[in-house]
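*Asks:* Just so it is clear, I am handing over entry.tsv, which has TSV, C-alpha atoms.
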```tsv
chain	number	residue	atom	x	y	z
A	36	MET	CA	0.00	0.00	0.00
A	37	LEU	CA	2.77	2.45	0.88
A	38	ALA	CA	4.40	1.86	-2.51
A	39	VAL	CA	1.16	3.00	-4.16
A	40	ILE	CA	0.29	6.00	-2.03
A	41	PHE	CA	3.68	7.60	-1.29
A	42	PRO	CA	4.22	8.85	-4.88
A	43	LEU	CA	0.67	10.21	-4.88
A	44	TRP	CA	1.29	12.04	-1.62
A	45	ILE	CA	4.66	13.46	-2.74
A	46	LYS	CA	3.22	14.80	-5.99
A	47	LYS	CA	-0.10	15.76	-4.33
A	48	SER	CA	-1.82	14.01	-7.20
A	49	LEU	CA	-5.53	14.59	-7.70
A	50	LEU	CA	-5.62	11.17	-9.38
A	51	PHE	CA	-5.40	9.57	-5.94
A	52	PRO	CA	-8.89	7.96	-6.14
A	53	GLN	CA	-8.31	6.41	-9.57
A	54	VAL	CA	-4.80	5.07	-8.91
A	55	PHE	CA	-5.34	3.94	-5.34
A	56	PHE	CA	-8.68	2.21	-5.90
A	57	THR	CA	-7.47	0.39	-8.99
A	58	PHE	CA	-5.05	-1.45	-6.70
A	59	VAL	CA	-7.64	-1.79	-3.91
A	60	ILE	CA	-10.32	-3.32	-6.18
A	61	ILE	CA	-7.92	-5.77	-7.81
A	62	SER	CA	-6.42	-6.75	-4.47
A	63	ALA	CA	-9.85	-7.27	-2.87
A	64	SER	CA	-10.99	-9.41	-5.81
A	65	LEU	CA	-8.13	-11.90	-5.98
A	66	PRO	CA	-8.20	-15.38	-4.41
A	67	ALA	CA	-6.66	-16.15	-1.05
A	68	VAL	CA	-5.01	-13.26	0.84
A	69	SER	CA	-4.90	-9.84	-0.81
A	70	TYR	CA	-1.52	-8.20	-1.38
A	71	MET	CA	-2.51	-5.03	0.50
A	72	PRO	CA	-5.01	-4.04	3.21
A	73	VAL	CA	-8.52	-3.60	1.83
A	74	ASP	CA	-10.62	-3.35	5.01
A	75	SER	CA	-12.74	-0.22	5.01
A	76	LEU	CA	-11.23	1.17	8.22
A	77	TYR	CA	-7.69	1.03	6.76
A	78	ILE	CA	-8.86	2.57	3.49
A	79	LEU	CA	-10.74	5.33	5.32
A	80	ILE	CA	-7.64	6.20	7.36
A	81	VAL	CA	-5.49	6.32	4.20
A	82	SER	CA	-8.10	8.47	2.48
A	83	ILE	CA	-8.24	10.94	5.39
A	84	ILE	CA	-4.45	11.27	5.44
A	85	SER	CA	-4.42	11.66	1.64
A	86	TYR	CA	-7.06	14.38	1.80
A	87	LEU	CA	-5.10	16.31	4.41
A	88	LEU	CA	-1.85	16.03	2.45
A	89	ILE	CA	-3.19	16.66	-1.05
A	90	ASN	CA	-5.83	19.18	0.07
A	91	PRO	CA	-7.94	19.40	-3.12
A	92	LYS	CA	-9.61	22.79	-3.56
A	93	PHE	CA	-12.27	23.01	-6.26
A	94	SER	CA	-15.97	22.52	-6.83
A	95	ASN	CA	-16.48	18.77	-6.53
A	96	ILE	CA	-19.24	16.34	-7.46
A	97	LYS	CA	-22.20	16.12	-5.09
A	98	LEU	CA	-23.51	12.89	-3.66
A	99	PRO	CA	-27.27	12.53	-3.05
A	100	SER	CA	-28.49	13.58	0.39
A	101	SER	CA	-29.88	10.08	0.85
A	102	PHE	CA	-26.31	8.73	0.62
A	103	ILE	CA	-25.35	10.90	3.59
A	104	VAL	CA	-28.49	9.85	5.49
A	105	LEU	CA	-27.70	6.16	4.99
A	106	THR	CA	-24.08	6.72	6.03
A	107	VAL	CA	-25.09	8.40	9.30
A	108	LEU	CA	-27.83	5.84	9.95
A	109	SER	CA	-25.49	2.89	9.44
A	110	LEU	CA	-22.85	4.48	11.69
A	111	VAL	CA	-25.35	5.06	14.52
A	112	ILE	CA	-27.22	1.74	14.32
A	113	ASP	CA	-24.13	-0.43	13.84
A	114	GLY	CA	-22.21	1.58	16.42
A	115	ILE	CA	-24.93	0.91	19.00
A	116	PHE	CA	-26.12	-2.59	18.17
A	117	SER	CA	-23.38	-4.52	16.38
A	118	ALA	CA	-19.98	-2.82	16.79
A	119	ASN	CA	-19.45	-3.62	13.09
A	120	CYS	CA	-19.15	-0.33	11.26
A	121	MET	CA	-17.32	-1.55	8.15
A	122	LEU	CA	-20.10	-0.40	5.78
A	123	SER	CA	-20.21	2.98	7.54
A	124	TYR	CA	-16.45	3.40	7.10
A	125	ALA	CA	-16.73	2.49	3.42
A	126	LEU	CA	-19.56	4.99	2.84
A	127	MET	CA	-17.64	7.69	4.72
A	128	CYS	CA	-14.65	6.95	2.50
A	129	VAL	CA	-16.79	7.45	-0.62
A	130	MET	CA	-17.98	10.81	0.72
A	131	LEU	CA	-14.36	11.84	1.26
A	132	ILE	CA	-13.17	10.54	-2.12
A	133	ALA	CA	-15.91	12.62	-3.79
A	134	ARG	CA	-13.98	15.67	-2.60
A	135	PHE	CA	-11.13	14.69	-4.94
A	136	ILE	CA	-13.38	14.65	-8.00
A	137	PRO	CA	-14.13	17.96	-9.80
A	138	LYS	CA	-17.59	18.21	-11.24
A	139	ASP	CA	-18.34	18.50	-14.94
A	140	ASN	CA	-14.94	17.16	-16.03
A	141	GLU	CA	-14.91	14.72	-18.93
A	142	THR	CA	-11.24	13.83	-18.42
A	143	ILE	CA	-12.05	12.54	-14.94
A	144	LEU	CA	-14.89	10.47	-16.39
A	145	LYS	CA	-12.48	8.90	-18.89
A	146	SER	CA	-10.01	8.13	-16.11
A	147	PHE	CA	-12.69	6.24	-14.17
A	148	ILE	CA	-13.58	4.28	-17.29
A	149	ALA	CA	-9.88	3.41	-17.61
A	150	VAL	CA	-9.93	2.13	-14.00
A	151	PHE	CA	-12.73	-0.35	-14.67
A	152	VAL	CA	-11.34	-1.40	-18.04
A	153	LEU	CA	-7.97	-2.11	-16.43
A	154	VAL	CA	-9.53	-3.95	-13.47
A	155	SER	CA	-11.66	-6.06	-15.82
A	156	LEU	CA	-8.75	-7.03	-18.03
A	157	VAL	CA	-6.36	-7.84	-15.17
A	158	LEU	CA	-8.89	-9.98	-13.32
A	159	SER	CA	-10.12	-11.64	-16.52
A	160	PHE	CA	-6.65	-12.68	-17.64
A	161	GLU	CA	-5.74	-13.89	-14.15
A	162	PHE	CA	-8.96	-15.90	-14.02
A	163	VAL	CA	-8.52	-17.43	-17.46
A	164	LEU	CA	-4.94	-18.41	-16.65
A	165	LEU	CA	-5.42	-19.50	-13.03
A	166	GLY	CA	-9.13	-20.17	-12.64
A	167	LYS	CA	-8.76	-23.95	-12.95
A	168	ARG	CA	-6.95	-23.93	-9.63
A	169	PHE	CA	-10.15	-22.77	-7.96
A	170	VAL	CA	-12.72	-25.28	-9.22
A	171	GLN	CA	-15.81	-26.07	-7.19
A	172	SER	CA	-18.61	-28.58	-7.72
A	173	VAL	CA	-22.06	-27.33	-8.80
A	174	ALA	CA	-25.26	-29.38	-8.76
A	175	THR	CA	-27.30	-29.32	-12.01
A	176	GLN	CA	-30.06	-31.49	-13.43
A	177	VAL	CA	-27.42	-33.62	-15.15
A	178	GLY	CA	-25.37	-34.13	-11.99
A	179	GLN	CA	-22.33	-32.48	-10.42
A	180	LEU	CA	-20.30	-30.28	-12.74
A	181	ASP	CA	-17.12	-28.30	-12.20
A	182	ARG	CA	-17.47	-24.54	-12.02
A	183	SER	CA	-14.45	-22.30	-11.95
A	184	GLY	CA	-14.52	-20.35	-8.73
A	185	TRP	CA	-12.76	-17.34	-7.25
A	186	THR	CA	-13.39	-15.36	-4.11
A	187	ASP	CA	-17.04	-15.80	-5.10
A	188	PRO	CA	-18.05	-16.37	-8.75
A	189	ASN	CA	-21.11	-14.12	-8.50
A	190	TYR	CA	-19.31	-11.18	-6.90
A	191	PHE	CA	-16.32	-11.70	-9.13
A	192	GLY	CA	-18.52	-11.73	-12.24
A	193	SER	CA	-20.23	-8.51	-11.17
A	194	ILE	CA	-16.84	-6.78	-10.91
A	195	ILE	CA	-15.87	-7.92	-14.40
A	196	GLY	CA	-19.24	-6.63	-15.57
A	197	TYR	CA	-18.30	-3.07	-14.60
A	198	GLY	CA	-15.64	-3.21	-17.32
A	199	VAL	CA	-18.21	-4.37	-19.87
A	200	VAL	CA	-20.65	-1.59	-18.94
A	201	THR	CA	-18.07	1.21	-18.87
A	202	SER	CA	-16.49	0.06	-22.15
A	203	SER	CA	-19.91	-0.06	-23.80
A	204	ILE	CA	-20.78	3.39	-22.48
A	205	ALA	CA	-17.50	4.77	-23.87
A	206	LEU	CA	-18.24	3.26	-27.30
A	207	PHE	CA	-21.72	4.78	-27.33
A	208	LYS	CA	-20.71	8.15	-25.92
A	209	TRP	CA	-17.63	8.87	-28.04
A	210	GLN	CA	-18.61	7.72	-31.51
A	211	LYS	CA	-15.59	9.38	-33.15
A	212	MET	CA	-12.86	7.93	-30.95
A	213	LYS	CA	-9.72	6.61	-32.62
A	214	LYS	CA	-9.98	3.11	-34.06
A	215	LYS	CA	-7.23	1.73	-31.81
A	216	TYR	CA	-9.20	2.75	-28.72
A	217	ARG	CA	-12.42	1.39	-30.18
A	218	TRP	CA	-10.83	-2.00	-30.88
A	219	PHE	CA	-9.24	-2.03	-27.44
A	220	LEU	CA	-12.64	-1.47	-25.78
A	221	LEU	CA	-14.26	-4.11	-27.98
A	222	GLY	CA	-11.52	-6.53	-26.97
A	223	THR	CA	-12.13	-5.69	-23.31
A	224	ILE	CA	-15.84	-6.44	-23.73
A	225	ILE	CA	-15.20	-9.79	-25.42
A	226	VAL	CA	-12.55	-10.96	-22.93
A	227	SER	CA	-14.62	-9.80	-19.94
A	228	LEU	CA	-17.82	-11.35	-21.28
A	229	TYR	CA	-16.02	-14.65	-21.87
A	230	THR	CA	-14.80	-14.60	-18.26
A	231	ILE	CA	-18.29	-13.87	-16.94
A	232	LEU	CA	-19.80	-16.70	-18.98
A	233	ILE	CA	-17.32	-19.33	-17.79
A	234	THR	CA	-18.01	-18.35	-14.17
A	235	ALA	CA	-21.66	-19.19	-15.00
A	236	SER	CA	-23.12	-16.38	-12.91
A	237	ARG	CA	-26.78	-16.13	-13.90
A	238	GLY	CA	-27.42	-12.91	-12.03
A	239	VAL	CA	-24.55	-11.05	-13.69
A	240	PHE	CA	-25.52	-12.34	-17.14
A	241	VAL	CA	-29.12	-11.16	-16.68
A	242	ALA	CA	-27.96	-7.80	-15.29
A	243	LEU	CA	-25.65	-7.23	-18.27
A	244	ALA	CA	-28.31	-8.24	-20.79
A	245	ILE	CA	-30.87	-5.83	-19.32
A	246	SER	CA	-28.28	-3.06	-18.95
A	247	MET	CA	-27.12	-3.35	-22.56
A	248	PHE	CA	-30.73	-3.36	-23.76
A	249	PHE	CA	-31.41	-0.09	-21.95
A	250	LEU	CA	-28.14	1.40	-23.20
A	251	ILE	CA	-29.12	0.67	-26.81
A	252	LEU	CA	-32.72	1.74	-26.27
A	253	PHE	CA	-32.03	5.13	-24.66
A	254	SER	CA	-28.80	6.16	-26.38
A	255	ASN	CA	-28.78	9.18	-28.68
A	256	ILE	CA	-27.73	7.31	-31.80
A	257	SER	CA	-29.52	6.46	-35.04
A	258	LYS	CA	-31.85	3.47	-35.29
A	259	LYS	CA	-29.54	1.93	-37.84
A	260	ARG	CA	-26.59	2.09	-35.46
A	261	LYS	CA	-28.74	0.71	-32.65
A	262	LEU	CA	-29.59	-2.30	-34.81
A	263	VAL	CA	-25.91	-2.77	-35.62
A	264	TYR	CA	-24.97	-2.79	-31.92
A	265	LEU	CA	-27.86	-5.09	-31.05
A	266	GLY	CA	-26.94	-7.47	-33.85
A	267	SER	CA	-23.28	-7.44	-32.81
A	268	GLY	CA	-24.21	-8.33	-29.25
A	269	VAL	CA	-26.44	-11.18	-30.34
A	270	PHE	CA	-23.71	-12.46	-32.68
A	271	ILE	CA	-21.09	-12.47	-29.91
A	272	VAL	CA	-23.40	-14.39	-27.55
A	273	PHE	CA	-24.31	-16.87	-30.33
A	274	LEU	CA	-20.60	-17.35	-31.08
A	275	PHE	CA	-19.91	-18.16	-27.43
A	276	TYR	CA	-22.88	-20.55	-27.50
A	277	ALA	CA	-21.51	-22.33	-30.58
A	278	LEU	CA	-18.13	-22.68	-28.87
A	279	GLY	CA	-19.73	-24.27	-25.80
A	280	VAL	CA	-18.90	-21.39	-23.45
A	281	LEU	CA	-22.56	-21.07	-22.42
A	282	ASP	CA	-23.07	-24.75	-21.57
A	283	LEU	CA	-22.71	-24.54	-17.78
A	284	LEU	CA	-24.64	-21.26	-17.61
A	285	LEU	CA	-27.55	-22.77	-19.56
A	286	LEU	CA	-27.53	-25.86	-17.35
A	287	ARG	CA	-27.70	-23.65	-14.26
A	288	PHE	CA	-30.71	-21.83	-15.71
A	289	GLN	CA	-32.40	-25.12	-16.56
A	290	SER	CA	-31.66	-26.60	-13.14
A	291	ASP	CA	-33.18	-23.71	-11.20
A	292	ALA	CA	-36.15	-24.83	-9.12
A	293	GLY	CA	-37.92	-21.48	-9.51
A	294	ASP	CA	-36.61	-20.20	-6.18
A	295	ALA	CA	-33.80	-17.97	-7.52
A	296	GLY	CA	-31.14	-20.57	-6.84
A	297	GLY	CA	-32.40	-21.23	-3.31
A	298	ARG	CA	-32.43	-17.55	-2.39
A	299	MET	CA	-36.20	-17.49	-1.85
A	300	GLN	CA	-35.64	-19.88	1.07
A	301	ILE	CA	-33.61	-17.10	2.68
A	302	TRP	CA	-35.57	-14.05	1.55
A	303	MET	CA	-39.08	-14.98	2.65
A	304	PRO	CA	-38.29	-16.24	6.19
A	305	ARG	CA	-36.04	-13.23	6.78
A	306	LEU	CA	-38.62	-10.70	5.63
A	307	ASN	CA	-41.46	-12.46	7.48
A	308	SER	CA	-39.41	-12.61	10.68
A	309	PHE	CA	-38.29	-8.99	10.44
A	310	PHE	CA	-41.72	-7.48	9.80
A	311	SER	CA	-43.55	-9.70	12.29
A	312	ASP	CA	-41.07	-9.82	15.19
A	313	SER	CA	-39.54	-6.32	15.15
A	314	ASN	CA	-40.67	-3.48	17.39
A	315	ILE	CA	-41.47	-0.02	16.03
A	316	PHE	CA	-37.91	1.24	16.42
A	317	GLU	CA	-36.46	-1.79	14.64
A	318	LEU	CA	-38.99	-1.52	11.82
A	319	PHE	CA	-37.91	2.02	11.05
A	320	PHE	CA	-34.21	1.87	11.92
A	321	GLY	CA	-33.27	-1.81	11.73
A	322	VAL	CA	-31.42	-4.25	13.98
A	323	GLY	CA	-27.84	-3.62	12.83
A	324	THR	CA	-25.44	-5.70	10.79
A	325	LYS	CA	-24.61	-8.45	13.30
A	326	GLN	CA	-28.17	-9.25	14.36
A	327	SER	CA	-29.47	-9.05	10.78
A	328	LEU	CA	-27.48	-12.17	9.87
A	329	PHE	CA	-29.59	-14.24	12.27
A	330	VAL	CA	-33.04	-12.86	11.40
A	331	GLY	CA	-35.27	-15.67	10.11
A	332	THR	CA	-32.59	-18.32	10.68
A	333	TYR	CA	-30.80	-20.06	13.54
A	334	LYS	CA	-27.37	-19.73	11.96
A	335	LEU	CA	-25.31	-16.89	10.57
A	336	LEU	CA	-26.52	-16.35	7.00
A	337	GLY	CA	-26.28	-13.53	4.48
A	338	SER	CA	-29.37	-12.20	2.73
A	339	HIS	CA	-28.12	-12.65	-0.86
A	340	ASN	CA	-30.04	-9.47	-1.68
A	341	ASP	CA	-28.90	-5.93	-0.94
A	342	TYR	CA	-32.41	-4.53	-0.57
A	343	ILE	CA	-33.38	-7.14	2.02
A	344	ALA	CA	-30.02	-6.79	3.77
A	345	ILE	CA	-30.44	-3.02	4.08
A	346	VAL	CA	-34.07	-3.07	5.27
A	347	VAL	CA	-33.23	-5.61	7.99
A	348	ARG	CA	-30.04	-3.80	9.02
A	349	TYR	CA	-31.33	-0.22	8.90
A	350	GLY	CA	-35.09	-0.50	8.67
A	351	ILE	CA	-37.55	1.26	6.43
A	352	VAL	CA	-35.56	4.51	6.66
A	353	GLY	CA	-32.46	2.73	5.39
A	354	LEU	CA	-34.33	1.04	2.55
A	355	LEU	CA	-35.90	4.33	1.45
A	356	SER	CA	-32.47	5.95	1.50
A	357	LEU	CA	-31.07	3.16	-0.68
A	358	LEU	CA	-34.03	3.30	-3.08
A	359	THR	CA	-33.53	7.06	-3.35
A	360	LEU	CA	-29.77	7.18	-3.87
A	361	ILE	CA	-29.77	4.53	-6.63
A	362	PRO	CA	-32.04	6.34	-9.15
A	363	SER	CA	-30.90	9.82	-8.07
A	364	PRO	CA	-28.22	10.09	-10.82
A	365	ILE	CA	-30.88	9.35	-13.47
A	366	ILE	CA	-33.02	12.21	-12.17
A	367	LYS	CA	-30.04	14.59	-12.03
A	368	ALA	CA	-28.62	13.69	-15.46
A	369	LYS	CA	-29.08	16.40	-18.08
A	370	ARG	CA	-26.90	14.71	-20.68
A	371	ASN	CA	-25.92	11.07	-21.08
A	372	LYS	CA	-29.21	9.95	-19.52
A	373	GLY	CA	-29.23	6.70	-21.52
A	374	CYS	CA	-25.74	5.82	-20.29
A	375	VAL	CA	-26.66	6.65	-16.71
A	376	ILE	CA	-29.80	4.52	-16.94
A	377	ALA	CA	-27.78	1.54	-18.23
A	378	ALA	CA	-25.22	1.83	-15.43
A	379	VAL	CA	-27.88	2.22	-12.73
A	380	VAL	CA	-29.86	-0.73	-14.10
A	381	TYR	CA	-26.75	-2.92	-13.97
A	382	ILE	CA	-26.03	-2.34	-10.28
A	383	SER	CA	-29.74	-2.45	-9.40
A	384	VAL	CA	-30.17	-5.92	-10.90
A	385	CYS	CA	-26.88	-7.20	-9.46
A	386	MET	CA	-27.95	-6.05	-6.00
A	387	PHE	CA	-31.05	-8.20	-6.29
A	388	SER	CA	-29.09	-11.48	-6.08
A	389	ILE	CA	-25.92	-10.51	-4.16
A	390	GLU	CA	-24.93	-7.94	-1.52
A	391	PRO	CA	-22.14	-5.77	-2.98
A	392	PHE	CA	-23.50	-2.54	-1.48
A	393	SER	CA	-24.23	-3.75	2.04
A	394	ALA	CA	-20.89	-5.59	2.02
A	395	GLY	CA	-19.15	-2.28	1.24
A	396	GLN	CA	-17.60	-3.74	-1.90
A	397	TRP	CA	-15.11	-1.18	-3.23
A	398	SER	CA	-15.81	-1.95	-6.88
A	399	LEU	CA	-19.52	-1.14	-6.56
A	400	LEU	CA	-18.93	2.01	-4.50
A	401	CYS	CA	-16.38	3.28	-7.04
A	402	PHE	CA	-18.76	2.39	-9.86
A	403	TYR	CA	-21.45	4.42	-8.12
A	404	LEU	CA	-19.01	7.36	-8.07
A	405	PHE	CA	-18.55	6.83	-11.81
A	406	ILE	CA	-22.33	7.01	-12.27
A	407	VAL	CA	-22.51	10.24	-10.27
A	408	ILE	CA	-19.68	11.76	-12.35
A	409	LEU	CA	-21.44	10.73	-15.56
A	410	SER	CA	-24.78	12.15	-14.40
A	411	GLN	CA	-23.25	15.51	-13.47
A	412	LEU	CA	-21.36	15.95	-16.74
A	413	ASN	CA	-23.11	18.81	-18.51
A	414	HIS	CA	-20.75	19.60	-21.36
A	415	GLU	CA	-18.63	17.82	-23.92
A	416	GLU	CA	-14.92	18.52	-24.35
A	417	VAL	CA	-13.76	19.41	-27.83
```
Could you show the structure in this file as C-alpha cells?
*Replies:*
Amino acid sequence: MLAVIFPLWIKKSLLFPQVFFTFVIISASLPAVSYMPVDSLYILIVSIISYLLINPKFSNIKLPSSFIVLTVLSLVIDGIFSANCMLSYALMCVMLIARFIPKDNETILKSFIAVFVLVSLVLSFEFVLLGKRFVQSVATQVGQLDRSGWTDPNYFGSIIGYGVVTSSIALFKWQKMKKKYRWFLLGTIIVSLYTILITASRGVFVALAISMFFLILFSNISKKRKLVYLGSGVFIVFLFYALGVLDLLLLRFQSDAGDAGGRMQIWMPRLNSFFSDSNIFELFFGVGTKQSLFVGTYKLLGSHNDYIAIVVRYGIVGLLSLLTLIPSPIIKAKRNKGCVIAAVVYISVCMFSIEPFSAGQWSLLCFYLFIVILSQLNHEEV
C-alpha cells in the first residue's frame, strides 16, 4: 500500500482515487489473501491522510443527500447494536473521495472508465490463466459439474461486468474515438464477457443483458446504429454458445427450481421474521449488521439481496435511503441519460441477487461514483 500512495502524496496528485482504488479493487478481488489491506477502516484512514496532504480545492461532485443519510444511519445503528461499522467506514470513505473529483470534467470520467477497463482485463486474464486452480462442484439437473470459482463467482462476475458496462458506455458516448481505442474497448468487452460466462453467474448475465438493452434503447444514436450494436451483441453471444462457453450457464438456468437458486428460502423467512417480530424502532431503523445475519434463521446467513439486507439492518428509513440514492443520478442527469440509466440498471439488478453494497464492496462504490460523475457531466470537451 505504501508503494502505491507515497508517490501520490509526494506529488499531491488529484488522481489519488483512480490510482489507489485500482489497486484496492484488484487486491480485494483476488483469491486467497490480498496483497494489500482492503478493510474499510484502513482505506478510510489512508483516504483521510491523503485528503489532508493533497488538500484538493475546487468545486467537486455532489452525492445525493440520501447517501449521507444512509451513512449516518449505518454508523449510529451499527455503532450501537453490532460494533461492526465496516459499511459505515466504506460509505464515509466514498464521501471523502468525492472531494477529490471535480464536477463536470470529462477527463475525470475517462479516467474512471480506464480504471474499470484495467480492473476487468487484469482480473479476466488472471482468471482465465489461473481459474482452474479454484474449481468447485455445482449441482445441475445432469449431476455435479465443475465450475471455476474465485473469491465468489457471482461477486467476481459482477466486478468484471463493470468493465463491460463502462467500455460499452464509452463506445456509445464517443462515436468518433480513434480506431485503436475502439478496438481495445471491444476486446475488453469480449474478454470480460467470456470470463463472466465461464463463471456461469446467472445474475450477472441477466444484469448485463438488461443493462445493454437499456443502453441501446435510450442512447442518442440512429436506429440503424442501434440495430448494428444489437446485432453485434447477439452475434457475440451466439458465437460463445456455438463454442460451448454457455453450456454450464444454460444448465444452471435449466436446473433452477424457480426459487432464484435457493435464495427465496432465505428471503421470505427473513422478511417475514423482520416485519412480524420487530418493534417499532427496529422496523424504522433496523437491527444492525450483526443481528441481521440471524433474522429468520438459527445460523449466521447472508441475505443474498442488498435490498433485504439493508431493510433488515437499517429498517424502512435505510431502505428508502437506498431506493432514493440509486435512481438519483438518473433524475439529475441532463446529458448522457441513456448511459446513466444503463449503469444504474446494472447495479440495481446485481444487488437483487448478491450484496455488494451492504458488504461495502469497493468496486460497486467506485462504480457508483462513476455514475454520479457521468450524471453531473453537462458539457462535452472538444
*Asks:* Any idea what's packed within 8 Å of Cys374 (chain A), counting all atoms listed in the file, ignoring anything in its chain fewer than 3 positions away? Could you give it as a ChimeraX atom specification?
*Replies:* /A:204,208,250,253-254,371,377-378
*Asks:* Could you make a table, as JSON lines, of the residues of region 242-315 of chain A that have an atom within 12 Å of an atom of region 217-225 of chain A, each with its nearest atom pair and distance in Å to one decimal, counting only C-alpha atoms, in chain and number order?
*Replies:*
```
{"residue": "A:Leu243", "atom": "CA", "partner": "A:Ile224", "partner_atom": "CA", "distance": 11.3}
{"residue": "A:Met247", "atom": "CA", "partner": "A:Ile224", "partner_atom": "CA", "distance": 11.8}
{"residue": "A:Tyr264", "atom": "CA", "partner": "A:Leu221", "partner_atom": "CA", "distance": 11.5}
{"residue": "A:Ser267", "atom": "CA", "partner": "A:Leu221", "partner_atom": "CA", "distance": 10.8}
{"residue": "A:Gly268", "atom": "CA", "partner": "A:Ile225", "partner_atom": "CA", "distance": 9.9}
{"residue": "A:Phe270", "atom": "CA", "partner": "A:Ile225", "partner_atom": "CA", "distance": 11.5}
{"residue": "A:Ile271", "atom": "CA", "partner": "A:Ile225", "partner_atom": "CA", "distance": 7.9}
{"residue": "A:Val272", "atom": "CA", "partner": "A:Ile225", "partner_atom": "CA", "distance": 9.6}
{"residue": "A:Leu274", "atom": "CA", "partner": "A:Ile225", "partner_atom": "CA", "distance": 10.9}
{"residue": "A:Phe275", "atom": "CA", "partner": "A:Ile225", "partner_atom": "CA", "distance": 9.8}
```
*Asks:* With a distance cut-off of 7 Å and only C-alpha atoms, select the neighbouring residues of Val73 (chain A), excluding the residue or stretch itself and same-chain residues fewer than 4 positions from it, and output the selection as a PyMOL selection string.
*Replies:* chain A and resi 59+63+77-78
*Asks:* Any chance you could tabulate, as CSV, the residues of region 87-106 of chain A at most 10 Å from region 135-144 of chain A with each one's nearest atom pair and distance in Å to one decimal, using only C-alpha atoms, in chain and rising number order?
*Replies:*
```
residue,atom,partner,partner_atom,distance
A:Ile89,CA,A:Phe135,CA,9.1
A:Asn90,CA,A:Phe135,CA,8.6
A:Pro91,CA,A:Phe135,CA,6.0
A:Lys92,CA,A:Phe135,CA,8.4
A:Phe93,CA,A:Pro137,CA,6.4
A:Ser94,CA,A:Pro137,CA,5.7
A:Asn95,CA,A:Pro137,CA,4.1
A:Ile96,CA,A:Lys138,CA,4.5
A:Lys97,CA,A:Lys138,CA,8.0
```
*Asks:* Can you pull out every residue within 9 Å of Ile389 (chain A), counting all atoms listed in the file, but drop anything in the same chain fewer than 4 positions away, and send it as a compact mmCIF listing (two decimals) with C-alpha atoms, in the coordinates of the input?
*Replies:*
```txt
# COMPACT_ATOMS: atom_id res chain seq x y z
CA ASN A 189 -21.11 -14.12 -8.50
CA TYR A 190 -19.31 -11.18 -6.90
CA GLY A 238 -27.42 -12.91 -12.03
CA SER A 338 -29.37 -12.20 2.73
CA HIS A 339 -28.12 -12.65 -0.86
CA ASN A 340 -30.04 -9.47 -1.68
CA ASP A 341 -28.90 -5.93 -0.94
CA CYS A 385 -26.88 -7.20 -9.46
```
